[in-house]
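Source file: entry.txt. Holds: compact mmCIF, C-alpha atoms and all ligand atoms.
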```txt
# COMPACT_ATOMS: atom_id res chain seq x y z
CA MET A 175 92.86 89.03 118.41
CA LYS A 176 95.69 89.10 115.89
CA PRO A 177 94.96 87.32 112.57
CA TYR A 178 97.32 84.37 112.04
CA SER A 179 96.73 83.98 108.35
CA PHE A 180 94.06 84.77 105.82
CA VAL A 181 93.33 84.27 102.15
CA LEU A 182 93.11 87.18 99.75
CA ASN A 183 90.21 86.80 97.35
CA ASP A 184 90.90 89.39 94.71
CA THR A 185 87.77 90.60 92.93
CA THR A 186 89.31 93.04 90.45
CA LEU A 187 87.81 90.94 87.66
CA ARG A 188 84.32 91.01 89.19
CA ASP A 189 83.64 93.95 91.54
CA GLY A 190 86.57 95.88 90.06
CA GLU A 191 85.13 95.63 86.58
CA GLN A 192 81.70 96.67 87.90
CA THR A 193 83.08 100.20 88.36
CA ALA A 194 80.93 102.50 86.25
CA GLY A 195 82.64 103.02 82.90
CA VAL A 196 85.18 100.21 83.31
CA ALA A 197 85.13 97.38 80.76
CA PHE A 198 88.10 95.08 80.35
CA SER A 199 88.76 93.36 77.03
CA ASP A 200 89.17 89.57 77.04
CA LEU A 201 92.93 89.94 76.67
CA GLU A 202 93.07 92.42 79.53
CA LYS A 203 91.09 90.10 81.80
CA LEU A 204 93.39 87.20 80.95
CA ALA A 205 96.46 89.36 81.55
CA ILE A 206 95.16 90.60 84.91
CA ALA A 207 94.28 87.04 85.99
CA HIS A 208 97.77 85.90 85.02
CA ALA A 209 99.43 88.77 86.88
CA LEU A 210 97.34 88.16 90.02
CA ASP A 211 98.14 84.47 89.85
CA GLU A 212 101.86 85.10 89.45
CA ALA A 213 101.74 87.62 92.32
CA GLY A 214 100.46 84.86 94.59
CA VAL A 215 96.87 85.81 95.48
CA GLY A 216 95.16 82.80 97.03
CA GLU A 217 91.85 83.25 95.26
CA MET A 218 90.28 85.42 92.62
CA GLU A 219 86.67 86.13 91.75
CA VAL A 220 86.72 86.09 87.98
CA GLY A 221 83.30 87.17 86.77
CA ILE A 222 79.54 86.86 86.52
CA PRO A 223 78.44 83.93 84.32
CA ALA A 224 74.84 85.22 84.25
CA MET A 225 76.05 87.94 81.88
CA GLY A 226 75.81 85.46 79.02
CA MET A 227 77.63 82.84 76.97
CA GLN A 228 80.39 85.18 75.82
CA GLU A 229 81.26 85.92 79.46
CA VAL A 230 80.99 82.22 80.34
CA GLU A 231 83.51 81.40 77.57
CA LEU A 232 85.88 84.09 78.84
CA ILE A 233 85.55 82.90 82.44
CA ARG A 234 86.25 79.35 81.30
CA ALA A 235 89.40 80.55 79.54
CA ILE A 236 90.51 82.43 82.66
CA VAL A 237 89.82 79.43 84.90
CA ALA A 238 91.86 77.22 82.55
CA SER A 239 94.76 79.67 82.52
CA VAL A 240 95.08 80.23 86.27
CA LYS A 241 97.71 77.88 87.67
CA HIS A 242 97.89 78.52 91.40
CA ALA A 243 94.94 80.52 92.71
CA ARG A 244 91.49 79.12 93.41
CA THR A 245 88.83 80.70 91.21
CA MET A 246 85.32 81.84 92.13
CA VAL A 247 82.33 82.92 90.06
CA TRP A 248 79.53 85.18 91.28
CA ALA A 249 75.85 84.27 90.92
CA ARG A 250 72.48 85.32 92.25
CA MET A 251 70.29 82.71 93.90
CA MET A 252 68.45 81.96 90.66
CA TYR A 253 68.30 78.79 88.54
CA SER A 254 69.64 80.45 85.42
CA ASP A 255 72.56 82.02 87.31
CA LEU A 256 73.45 78.70 88.94
CA GLU A 257 73.26 76.88 85.63
CA ALA A 258 75.60 79.40 84.00
CA ALA A 259 77.97 79.32 86.98
CA LEU A 260 78.23 75.54 86.89
CA GLN A 261 79.42 75.69 83.28
CA CYS A 262 82.54 77.68 84.20
CA GLY A 263 84.57 75.01 85.98
CA ALA A 264 85.61 77.43 88.77
CA HIS A 265 86.67 76.05 92.14
CA ILE A 266 83.94 77.91 94.03
CA VAL A 267 80.42 78.97 93.08
CA HIS A 268 79.54 82.07 95.10
CA MET A 269 75.79 82.59 95.43
CA SER A 270 74.63 85.94 96.71
CA ILE A 271 71.45 87.09 98.42
CA ALA A 272 70.46 90.35 100.07
CA VAL A 273 70.00 90.10 103.84
CA SER A 274 69.01 93.61 104.99
CA ASP A 275 65.30 94.24 105.44
CA GLN A 276 65.70 97.25 103.15
CA GLN A 277 66.92 95.14 100.22
CA ILE A 278 64.83 92.06 101.03
CA SER A 279 61.59 93.97 100.86
CA LEU A 280 62.34 96.92 98.58
CA LYS A 281 64.71 95.29 96.08
CA LEU A 282 63.85 91.58 96.05
CA ARG A 283 60.23 92.23 97.17
CA ARG A 284 60.38 89.17 99.45
CA ASN A 285 60.62 88.48 103.18
CA ARG A 286 63.13 86.96 105.60
CA ALA A 287 61.53 83.50 105.49
CA TRP A 288 61.95 83.45 101.70
CA VAL A 289 65.63 84.39 102.07
CA LEU A 290 66.30 81.52 104.50
CA ALA A 291 64.44 79.02 102.31
CA THR A 292 66.25 80.25 99.21
CA ILE A 293 69.67 79.87 100.83
CA ALA A 294 68.79 76.31 101.81
CA GLU A 295 67.49 75.49 98.34
CA PHE A 296 70.37 76.95 96.35
CA VAL A 297 73.18 75.67 98.55
CA ASP A 298 71.60 72.21 98.22
CA ARG A 299 71.24 72.54 94.44
CA ALA A 300 74.78 73.76 93.92
CA ARG A 301 76.22 71.10 96.20
CA ASP A 302 74.18 68.39 94.48
CA ALA A 303 75.78 69.57 91.23
CA GLY A 304 79.20 69.05 92.82
CA ALA A 305 80.09 72.68 93.56
CA ALA A 306 81.85 74.13 96.59
CA VAL A 307 79.45 76.89 97.60
CA SER A 308 80.16 80.23 99.19
CA VAL A 309 77.14 82.28 100.26
CA GLY A 310 77.22 86.04 99.79
CA PHE A 311 75.29 88.22 102.19
CA GLU A 312 74.67 91.42 100.31
CA ASP A 313 74.10 94.48 102.51
CA ALA A 314 75.06 92.44 105.59
CA SER A 315 76.18 95.59 107.37
CA ARG A 316 72.61 96.92 107.45
CA ALA A 317 71.05 93.53 108.29
CA ASP A 318 69.56 92.57 111.63
CA GLY A 319 72.31 90.76 113.56
CA ASP A 320 70.12 87.86 114.73
CA PHE A 321 68.82 87.29 111.22
CA LEU A 322 72.32 87.38 109.77
CA CYS A 323 73.45 84.65 112.17
CA GLN A 324 70.35 82.62 111.35
CA ALA A 325 71.14 82.92 107.64
CA ALA A 326 74.74 81.82 108.24
CA GLN A 327 73.53 78.83 110.23
CA VAL A 328 71.22 77.79 107.39
CA ALA A 329 74.15 78.10 104.95
CA GLN A 330 76.29 75.97 107.25
CA ALA A 331 73.60 73.35 107.83
CA HIS A 332 73.24 72.91 104.06
CA GLY A 333 76.96 72.52 103.46
CA ALA A 334 78.27 75.90 102.32
CA ILE A 335 82.00 76.34 102.82
CA ARG A 336 81.95 80.07 103.52
CA VAL A 337 79.85 83.14 104.04
CA ARG A 338 80.78 86.55 102.68
CA PHE A 339 79.87 89.54 104.81
CA ALA A 340 79.42 92.45 102.42
CA ASP A 341 79.49 96.03 103.62
CA THR A 342 77.83 96.80 100.31
CA LEU A 343 77.44 100.54 100.90
CA GLY A 344 80.64 101.06 102.89
CA VAL A 345 78.81 102.27 105.98
CA LEU A 346 80.74 100.49 108.73
CA ASP A 347 83.70 101.65 110.77
CA PRO A 348 86.38 99.33 112.20
CA PHE A 349 84.59 99.06 115.57
CA SER A 350 81.23 98.05 114.13
CA THR A 351 82.97 95.73 111.65
CA TYR A 352 84.82 94.06 114.49
CA SER A 353 81.68 93.43 116.54
CA SER A 354 79.63 92.17 113.56
CA ILE A 355 82.31 89.74 112.41
CA ALA A 356 83.14 88.58 115.95
CA ARG A 357 79.47 87.74 116.47
CA LEU A 358 79.22 85.85 113.16
CA HIS A 359 82.45 84.03 113.99
CA ALA A 360 81.05 83.01 117.38
CA GLU A 361 77.81 81.70 115.90
CA THR A 362 79.01 79.69 112.88
CA ASP A 363 81.93 77.39 112.09
CA LEU A 364 82.07 78.59 108.51
CA ASP A 365 84.92 80.54 106.99
CA ILE A 366 84.04 84.22 106.76
CA GLU A 367 85.00 86.60 103.98
CA ILE A 368 84.95 90.34 104.53
CA HIS A 369 83.95 92.39 101.48
CA ALA A 370 84.40 96.07 102.31
CA HIS A 371 83.57 99.14 100.25
CA ASP A 372 85.31 102.49 100.52
CA ASP A 373 82.47 105.02 100.50
CA LEU A 374 83.75 106.54 103.75
CA GLY A 375 87.41 105.77 103.04
CA LEU A 376 87.42 102.91 105.56
CA ALA A 377 87.53 99.78 103.39
CA THR A 378 91.07 98.74 104.29
CA ALA A 379 90.64 99.61 107.97
CA ASN A 380 87.38 97.65 108.08
CA THR A 381 88.99 94.69 106.35
CA LEU A 382 91.77 94.62 108.94
CA ALA A 383 89.22 94.88 111.77
CA ALA A 384 87.31 91.92 110.30
CA LEU A 385 90.49 89.86 110.07
CA ARG A 386 91.20 90.60 113.72
CA ALA A 387 87.67 89.53 114.59
CA GLY A 388 88.04 86.14 112.90
CA ALA A 389 87.45 86.62 109.17
CA THR A 390 89.45 84.07 107.18
CA HIS A 391 89.18 85.66 103.74
CA ALA A 392 89.39 89.24 102.48
CA SER A 393 87.96 90.60 99.23
CA THR A 394 90.32 93.08 97.60
CA THR A 395 90.82 94.79 94.27
CA VAL A 396 93.94 96.21 92.66
CA ASN A 397 94.10 100.00 93.24
CA GLY A 398 90.87 99.66 95.23
CA LEU A 399 88.88 99.60 91.98
CA GLY A 400 85.18 98.74 92.41
CA GLU A 401 81.60 99.98 92.69
CA ARG A 402 81.44 103.74 93.48
CA ALA A 403 84.41 104.56 95.74
CA GLY A 404 85.76 101.05 95.32
CA ASN A 405 86.82 98.12 97.48
CA ALA A 406 89.65 97.49 99.91
CA ALA A 407 92.86 97.78 97.89
CA LEU A 408 94.91 94.61 97.46
CA GLU A 409 98.16 96.50 97.91
CA GLU A 410 96.97 98.17 101.12
CA VAL A 411 95.62 95.01 102.73
CA ALA A 412 98.72 92.98 101.85
CA MET A 413 101.18 95.60 103.10
CA ALA A 414 99.16 96.51 106.21
CA ALA A 415 98.78 92.85 107.20
CA ARG A 416 102.52 92.38 106.85
CA HIS A 417 103.54 95.54 108.69
CA LEU A 418 100.86 95.79 111.35
CA TYR A 419 100.35 92.11 112.13
CA GLY A 420 103.40 90.32 110.71
CA VAL A 421 101.04 88.24 108.56
CA ASP A 422 102.17 87.25 105.09
CA CYS A 423 99.18 86.66 102.80
CA GLY A 424 101.37 85.11 100.12
CA VAL A 425 101.48 88.07 97.75
CA ASP A 426 104.82 89.00 96.19
CA THR A 427 104.83 92.71 97.02
CA GLN A 428 107.46 93.41 94.35
CA ARG A 429 104.74 92.77 91.79
CA LEU A 430 102.25 95.26 93.23
CA PRO A 431 103.41 98.31 91.21
CA MET A 432 103.24 96.34 87.96
CA LEU A 433 99.76 95.02 88.84
CA SER A 434 98.66 98.54 89.69
CA GLN A 435 99.81 99.87 86.31
CA LEU A 436 98.27 96.97 84.42
CA VAL A 437 94.86 97.48 86.04
CA ALA A 438 95.03 101.28 85.82
CA GLN A 439 95.63 101.03 82.10
CA ALA A 440 92.98 98.38 81.44
CA ALA A 441 90.46 100.33 83.54
CA ASN A 442 91.44 103.65 81.96
CA ARG A 443 91.76 104.98 85.53
CA PRO A 444 95.11 106.62 86.30
CA VAL A 445 96.44 106.01 89.82
CA ALA A 446 96.58 109.19 91.94
CA ALA A 447 100.16 110.25 92.69
CA GLY A 448 99.48 110.03 96.42
CA LYS A 449 97.72 106.64 96.35
CA SER A 450 99.20 104.65 99.22
CA ILE A 451 101.71 101.93 98.30
CA VAL A 452 101.50 102.32 94.51
CA GLY A 453 101.15 106.06 93.79
CA ALA A 454 104.04 107.59 91.84
CA ALA A 455 104.80 110.11 94.60
CA VAL A 456 104.49 108.11 97.79
CA PHE A 457 108.25 107.72 98.22
CA ARG A 458 109.05 111.23 96.95
CA HIS A 459 110.38 113.72 99.51
CA GLU A 460 110.87 117.46 99.22
CA SER A 461 110.40 119.05 102.67
CA GLY A 462 113.69 120.20 104.14
CA ILE A 463 113.25 118.59 107.53
CA HIS A 464 112.20 115.26 106.05
CA VAL A 465 115.02 115.18 103.49
CA ASP A 466 117.57 116.10 106.16
CA GLY A 467 116.14 113.33 108.39
CA LEU A 468 116.24 110.76 105.60
CA LEU A 469 119.81 111.70 104.68
CA LYS A 470 120.87 111.16 108.31
CA ASP A 471 119.00 107.86 108.67
CA ARG A 472 116.19 106.67 106.40
CA GLY A 473 114.39 105.21 109.42
CA ASN A 474 113.56 108.77 110.46
CA TYR A 475 110.90 109.06 107.77
CA GLU A 476 110.26 105.55 106.50
CA ALA A 477 107.11 103.53 107.31
CA PHE A 478 108.47 100.58 105.34
CA ALA A 479 111.25 100.13 102.82
CA PRO A 480 110.19 101.08 99.26
CA GLU A 481 112.49 98.25 98.11
CA GLU A 482 109.76 95.84 99.30
CA LEU A 483 107.86 97.09 96.27
CA GLY A 484 110.92 97.28 94.04
CA ARG A 485 110.86 101.05 94.52
CA GLN A 486 113.20 103.67 96.00
CA HIS A 487 113.06 106.94 97.88
CA GLU A 488 113.26 109.94 95.58
CA LEU A 489 114.59 113.25 96.92
CA VAL A 490 113.44 116.29 94.95
CA LEU A 491 113.84 120.06 95.21
CA GLY A 492 110.90 122.40 95.57
CA LYS A 493 109.30 125.19 97.56
CA HIS A 494 109.76 123.39 100.90
CA SER A 495 113.38 122.27 100.44
CA GLY A 496 116.14 123.10 102.95
CA THR A 497 119.87 123.58 102.49
CA HIS A 498 120.73 119.94 103.37
CA GLY A 499 118.63 118.77 100.45
CA VAL A 500 120.16 121.40 98.16
CA ARG A 501 123.69 120.34 99.15
CA ALA A 502 122.85 116.65 98.61
CA ALA A 503 121.44 117.36 95.14
CA CYS A 504 124.50 119.43 94.17
CA THR A 505 126.84 116.69 95.41
CA ARG A 506 124.92 114.13 93.33
CA LEU A 507 125.35 116.31 90.22
CA GLY A 508 128.99 117.16 91.03
CA LEU A 509 128.20 120.87 91.42
CA PRO A 510 130.57 122.58 93.88
CA LEU A 511 129.01 125.11 96.24
CA GLY A 512 130.67 128.41 97.13
CA GLU A 513 130.19 130.43 100.30
CA GLY A 514 126.47 131.12 100.88
CA GLN A 515 125.52 129.54 97.54
CA ALA A 516 123.21 126.88 99.00
CA GLU A 517 121.08 129.63 100.55
CA ARG A 518 121.04 131.64 97.28
CA LEU A 519 120.10 128.49 95.38
CA LEU A 520 117.27 127.81 97.79
CA ALA A 521 115.77 131.23 97.11
CA GLY A 522 115.88 130.53 93.36
CA ILE A 523 114.45 127.02 93.83
CA ARG A 524 111.48 128.40 95.79
CA GLN A 525 110.76 131.01 93.15
CA LEU A 526 110.89 128.50 90.30
CA ALA A 527 108.86 125.85 92.16
CA VAL A 528 105.93 128.23 92.58
CA THR A 529 105.89 128.93 88.84
CA ARG A 530 106.39 125.31 87.81
CA LYS A 531 104.13 123.62 90.37
CA GLN A 532 106.28 120.51 90.15
CA PRO A 533 109.69 119.42 91.45
CA LEU A 534 112.74 120.99 89.79
CA THR A 535 114.68 118.99 87.22
CA ASP A 536 118.45 118.43 87.27
CA ALA A 537 118.70 120.89 84.36
CA ASP A 538 116.89 123.53 86.46
CA LEU A 539 119.34 123.01 89.30
CA ARG A 540 122.35 123.28 86.95
CA HIS A 541 120.97 126.51 85.52
CA LEU A 542 120.32 127.99 88.96
CA HIS A 543 123.73 126.82 90.12
CA LEU A 544 125.41 128.76 87.30
CA ASN A 545 123.36 131.84 88.12
CA THR A 546 124.12 131.72 91.82
CA ALA A 547 127.85 130.97 91.58
CA THR A 548 128.41 134.75 91.83
CA ARG A 549 125.91 137.17 93.34
CA GLN A 550 124.33 138.08 89.98
CA PRO A 551 120.54 138.44 89.81
CA LEU A 552 118.69 135.30 88.71
CA ALA A 553 117.92 134.96 85.01
CA ALA A 554 114.21 135.29 84.26
C1 LIG A 601 76.38 94.31 95.26
C2 LIG A 601 76.82 93.71 93.98
O1 LIG A 601 77.85 94.08 93.51
S1 LIG A 601 75.92 92.51 93.30
C3 LIG A 601 76.64 92.26 91.71
C4 LIG A 601 76.09 93.25 90.75
N1 LIG A 601 76.70 93.13 89.46
C5 LIG A 601 76.08 93.44 88.33
O2 LIG A 601 74.90 93.76 88.33
C6 LIG A 601 76.90 93.40 87.07
C7 LIG A 601 76.42 92.38 86.04
N2 LIG A 601 74.99 92.41 85.85
C8 LIG A 601 74.38 92.12 84.68
O3 LIG A 601 74.98 91.83 83.65
C9 LIG A 601 72.89 92.08 84.72
O4 LIG A 601 72.42 92.91 85.77
C10 LIG A 601 72.37 90.60 84.95
C11 LIG A 601 72.69 89.78 83.70
C12 LIG A 601 73.03 89.96 86.17
C13 LIG A 601 70.88 90.61 85.18
O5 LIG A 601 70.27 91.36 84.18
P1 LIG A 601 68.65 91.46 84.07
O6 LIG A 601 68.09 90.08 84.16
O7 LIG A 601 68.35 92.24 82.88
O8 LIG A 601 68.17 92.18 85.42
P2 LIG A 601 68.54 93.60 86.05
O9 LIG A 601 70.00 93.68 86.24
O10 LIG A 601 67.95 94.71 85.27
O11 LIG A 601 67.78 93.50 87.45
C14 LIG A 601 68.26 92.69 88.51
C15 LIG A 601 67.30 91.56 88.83
O12 LIG A 601 68.00 90.62 89.70
C16 LIG A 601 67.27 90.48 90.93
N3 LIG A 601 68.24 90.17 91.97
C17 LIG A 601 69.20 90.97 92.46
N4 LIG A 601 69.92 90.31 93.36
C18 LIG A 601 69.42 89.06 93.44
C19 LIG A 601 69.76 87.90 94.17
N5 LIG A 601 70.81 87.91 95.00
N6 LIG A 601 69.04 86.78 94.00
C20 LIG A 601 67.99 86.79 93.14
N7 LIG A 601 67.62 87.84 92.40
C21 LIG A 601 68.32 88.96 92.55
C22 LIG A 601 66.56 91.82 91.05
O13 LIG A 601 65.52 91.75 91.97
C23 LIG A 601 66.09 92.02 89.61
O14 LIG A 601 65.05 91.13 89.33
P3 LIG A 601 63.47 91.53 89.19
O15 LIG A 601 63.33 91.99 87.79
O16 LIG A 601 62.78 90.24 89.42
O17 LIG A 601 63.19 92.57 90.19
O1 LIG A 602 78.86 88.57 97.04
C1 LIG A 602 78.10 89.31 97.61
O2 LIG A 602 77.04 88.95 98.08
C2 LIG A 602 78.46 90.76 97.76
C3 LIG A 602 78.41 91.45 96.49
C4 LIG A 602 79.06 92.78 96.52
O3 LIG A 602 79.91 93.05 95.71
C5 LIG A 602 78.64 93.77 97.52
O4 LIG A 602 77.66 93.59 98.21
O5 LIG A 602 79.33 94.81 97.61
```

How would this structure read if it were set down as C-alpha cells?
Ligand SMILES: CC(=O)SCCNC(=O)CCNC(=O)[C@H](O)C(C)(C)COP(=O)(O)OP(=O)(O)OC[C@H]1O[C@@H](n2cnc3c(N)ncnc32)[C@H](O)[C@@H]1OP(=O)(O)O
Ligand SMILES: O=C(O)CCC(=O)C(=O)O
Amino acid sequence: MKPYSFVLNDTTLRDGEQTAGVAFSDLEKLAIAHALDEAGVGEMEVGIPAMGMQEVELIRAIVASVKHARTMVWARMMYSDLEAALQCGAHIVHMSIAVSDQQISLKLRRNRAWVLATIAEFVDRARDAGAAVSVGFEDASRADGDFLCQAAQVAQAHGAIRVRFADTLGVLDPFSTYSSIARLHAETDLDIEIHAHDDLGLATANTLAALRAGATHASTTVNGLGERAGNAALEEVAMAARHLYGVDCGVDTQRLPMLSQLVAQAANRPVAAGKSIVGAAVFRHESGIHVDGLLKDRGNYEAFAPEELGRQHELVLGKHSGTHGVRAACTRLGLPLGEGQAERLLAGIRQLAVTRKQPLTDADLRHLHLNTATRQPLAA
C-alpha cells in the first residue's frame, strides 16, 4: 500500500535533545522550533514538562511562538507528569507507557492488567482536563502483538486520538515493521505514529515501511539526532517520501540544509560529510567515470536534483579523476591544455591527492598546469 499523506512529528526538541551530552539552551530551542515551523513540519514534540518549572516555562514560550505546527508534550502516565503537561498549553498531551513484558515487569515492576487500567485512567483524566491525548507505547516492537492491540483498543475506547508505536531499541526491520503496523491498523481506528530508532541503521527504512502499512504520523529528528544511534532523520523521511512515493509531507526541502546546520551547532554534533541529504560531500564527485557521466548528462549519476535542497553538484579533482574531469576543470579556470597535458596533469593530481587526502584546490591545479605545460619533472 502506498502512503497517500502523512504528518511529520519532529521530535528534535524532545528525543533529539535526549541524546547523551546534548543540551540546548532556551534560545537554541526557540530557534529550532521557529526553523522547523517555517520549514513546514506538521507537528513537533517540544519537550518533557515533568523536568520541572523551568522546562515548563520554556515549553510554554515555544508553544506560544510556533505559528503553524501543532505542538506535543511528552509525559509518563503519572499524576505529576500530567499536571505539568497540562500547564504547557500544547495541542497534544502525549502520555507514554511501556508495553513489552520486559519493561512492564522489570522496569515498571507491574503487570499487563495494570498497564491497561493505567491507560484507561490517564486517557480519561487528560481528556477530562480538555486535552487531546496521544498514547505512547514504549518498546512496542518487543511487545506481544495481541496485548499491543488490546492496549490500543483501550486507548481508543477512552478517547485517545492516536497511538505511537515506538521501536525503542531499533530492533525491527522493514518487514517486521510492516506486519506490526498493518496489524495495529487493522485492529484500531486510531491514527498511528511510527517512532523508529536507528540502532541497526534502519530507522528511515522502518518509518517508510510503517507509512506503507497505514501509519499516519512519523516521528523524525533533524540529522537523525536522538537516543543512542538516533531517530529517523527528518531530511531522509521527507526526501524519500517525495522521491519513492510521490508524497509531499509539507516540508520545504530548501530549508533542510539550514536546519541541519542549526541543529548540528546547537547539539555540538558535526554532520558527517557523507550524511545523506545534508552532508557536505553528498553532491561532490571525483571519480572519472562519474564525472564524465555527469558532464554528458547529469541524470547519469543523479538520484535527485541537489537544487531541491538549494545545493549543487560539485566536481573535484583527486586520486580517482579521469581526463574528462581534468579537461573540464581546466576549461573552467581558462587553462589551455597542450598535447598529452591532461594525462600528465592526471599523474600529478593523483600524486598530490594521496599526500593531501582531500580534493585539490584551484591553486593546486594552476600550479600543476604550469609544471606540466612542458615535460619538466613536477615540483616537489
Ligand atoms: C524511551 C524514552 O525516550 S522515554 C523518555 C525518556 N526521557 C527522559 O528520561 C529525559 C527526561 N527525564 C528526566 O528529566 C527525569 O528522568 C524525570 C524528571 C522524567 C524523572 O526523574 P526521576 O523522578 O528522578 O526518576 P528517574 O528518571 O530516575 O526514574 C524513572 C522513573 O519513572 C518511572 N517510569 C518510567 N516510565 C514510566 C511511565 N511510562 N509511566 C510511569 N512511570 C514511568 C520509572 O519506573 C522510574 O520510577 P520508579 O522510581 O518508581 O521505578
Ligand atoms: O512516546 C513514547 O512512548 C516513545 C518514547 C521514545 O522515545 C521511545 O520509546 O523511543

Taking 5 positions as the minimum chain separation for residues in the same chain, which residues sit within 8 Å of Ile293 of chain A when counting all atoms listed in the file? Answer as a list in words.
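So, after excluding close chain neighbours, the residues are Met251, Ile271, Val309, Ala325, Val328 and Ala329 of chain A.
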
Select the residues contacting ligand LIG 602 (chain A) at a distance of at most 10 Å, based on all atoms listed in the file, then format the selection as a PyMOL selection string.
chain A and resi 185+188-190+192+219+247-250+268-273+308-315+337-344+367-371+393+400-401+404-405

Two-atom distance - atom CA of Thr378 of chain A, atom CA of Ala406 of chain A (Å)
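According to the coordinates, atom CA of Thr378 of chain A and atom CA of Ala406 of chain A are separated by 4.8 Å.
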
All file atoms of ligand LIG 601 (chain A) boxed axis-aligned, 8 Å per side, centre plus edges, as lines of an AutoDock Vina configuration file:
```
center_x = 70.3
center_y = 90.7
center_z = 89.1
size_x = 31.1
size_y = 23.9
size_z = 28.4
```

Could you check which of A:Val181, A:Glu231, A:Leu418, A:Ala258 is closest to ligand LIG 601 (chain A), using all atoms listed in the file?
A:Ala258

Between atom CA of Ala392 of chain A and atom CA of Tyr352 of chain A, what is the spacing in Å?
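We find that atom CA of Tyr352 of chain A and atom CA of Ala392 of chain A lie 13.7 Å from each other.
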
Polymer residues at most 9 Å from segment 420-429 of chain A, only C-alpha atoms, same-chain spacing of 6 or more positions, as a PyMOL selection string:
chain A and resi 177-182+209-210+212-216+409+412-414+481-485

As an exercise, work out the distance from atom CA of His498 of chain A to atom CA of Asp466 of chain A in Å and give it to one decimal place.
5.7 Å

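Distance annotation: of A:Met225, A:Ile366, A:Ile355, A:Arg443, the residue with the minimal separation from Asn397 of chain A is A:Arg443; atom set is only C-alpha atoms.
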
For the point (70.2, 79.2, 109.5) in the file's frame, write as number ranges by chain all residues with an atom no more than 12 Å away, counting all atoms listed in the file.
A: 286-287, 289-294, 297, 309, 320-334, 337, 358, 361-362, 364

Calculated over all atoms listed in the file, which of the candidates A:His541, A:Arg284, A:Arg501, A:Arg357 has the smallest distance to ligand LIG 601 (chain A)?
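Nearest to ligand LIG 601 (chain A): A:Arg284.
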